[in-house]
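I have placed the structure first, in the form of structure tokens, so that the comments after it can refer back to it.
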Amino acid sequence: LFFRNLYDSELVTRTDWKVYKAFFHTICDETINKEDRMIYIDTAPTKCYERFKKRDRRAETSRITSPDEEAKFAAYLVSLHEAHQRMIG
């Protein structure tokens with residue numbers, strides 16, 4: 001869900017997406033047990049963004065170097081929220 005959303009949001013390249021899918025299907029399909037339960041904490045994208053800014057972790061913020069990048073990240077959070085909403089139906 002997360003990496004697919006990164007790809008759909010054009011935050012990773014097509015090559016990255018292909019490598020990820022190959023890895024996932026080769027390694028993870030055989031080793032990851034699918035769970036029948038999930039805990040989902042429904043939080044608005046705006047609240048997630050506020051928490052992101054408040055944490056101010058270098059590893060998270062190092063790629064956001066301009067207002068345009070900040071807008072892309074905010075849009076990514078919205079699209080991730082929407083993807084989760086579709087997933088849980």
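Residue numbering restarts at 1 for every chain of the structure tokens, chains are lettered A, B, ... in their displayed order, and ligands are numbered from 1 as they appear.
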Restrict the calculation to only C-alpha atoms, then for each residue of segment 55-85 of chain A with any atom at most 7 Å from an atom of segment 39-45 of chain A give the closest atom pair and their distance in Å to one decimal, rows by chain and rising residue number, as JSON lines.
{"residue": "A:Leu77", "atom": "CA", "partner": "A:Pro45", "partner_atom": "CA", "distance": 5.5}
{"residue": "A:Val78", "atom": "CA", "partner": "A:Pro45", "partner_atom": "CA", "distance": 5.4}
{"residue": "A:His81", "atom": "CA", "partner": "A:Pro45", "partner_atom": "CA", "distance": 6.5}
Would you save the residues from that selection as a PDB file, in the first residue's frame, using N, CA and C atoms?
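Final output, saved to again.pdb:
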ATOM      1  N   LEU A  77       0.209  12.443   1.775  1.00  0.00           N
ATOM      2  CA  LEU A  77      -0.514  12.029   2.982  1.00  0.00           C
ATOM      3  C   LEU A  77      -2.008  11.891   2.713  1.00  0.00           C
ATOM      4  N   VAL A  78      -2.561  12.801   1.926  1.00  0.00           N
ATOM      5  CA  VAL A  78      -3.985  12.718   1.575  1.00  0.00           C
ATOM      6  C   VAL A  78      -4.243  11.458   0.750  1.00  0.00           C
ATOM      7  N   HIS A  81      -4.061   8.365   2.921  1.00  0.00           N
ATOM      8  CA  HIS A  81      -5.289   8.262   3.720  1.00  0.00           C
ATOM      9  C   HIS A  81      -6.428   7.682   2.870  1.00  0.00           C
TER      10      HIS A  81
END
Exercise. So which residues touch Trp17 of chain A within 12 Å, counting only C-alpha atoms, skipping near sequence neighbours fewer than 3 positions away, as an MDAnalysis selection string?
Worked result: chainID A and resid 2:14 20:24
Given the selection you just returned, output its residues as a file containing C-alpha atoms, formatted as a CSV table (one decimal), in the first residue's frame.
chain,number,residue,atom,x,y,z
A,2,PHE,CA,2.7,2.5,1.0
A,3,PHE,CA,5.1,1.9,-1.9
A,4,ARG,CA,2.3,1.7,-4.4
A,5,ASN,CA,1.0,5.1,-3.2
A,6,LEU,CA,4.5,6.5,-3.5
A,7,TYR,CA,4.6,5.3,-7.1
A,8,ASP,CA,1.1,6.6,-7.9
A,9,SER,CA,2.1,10.0,-6.3
A,10,GLU,CA,5.2,10.1,-8.6
A,11,LEU,CA,7.5,10.1,-5.6
A,12,VAL,CA,9.5,7.1,-6.8
A,13,THR,CA,10.5,6.2,-10.3
A,14,ARG,CA,9.1,3.4,-12.5
A,20,TYR,CA,10.2,-3.2,-5.4
A,21,LYS,CA,7.5,-5.4,-7.0
A,22,ALA,CA,10.1,-8.0,-8.1
A,23,PHE,CA,11.5,-8.1,-4.5
A,24,PHE,CA,8.1,-8.3,-3.0
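Distance check against Leu80 of chain A using only C-alpha atoms: of A:Arg37, A:Lys47, A:Leu1, A:Val19, the minimum falls on A:Leu1.
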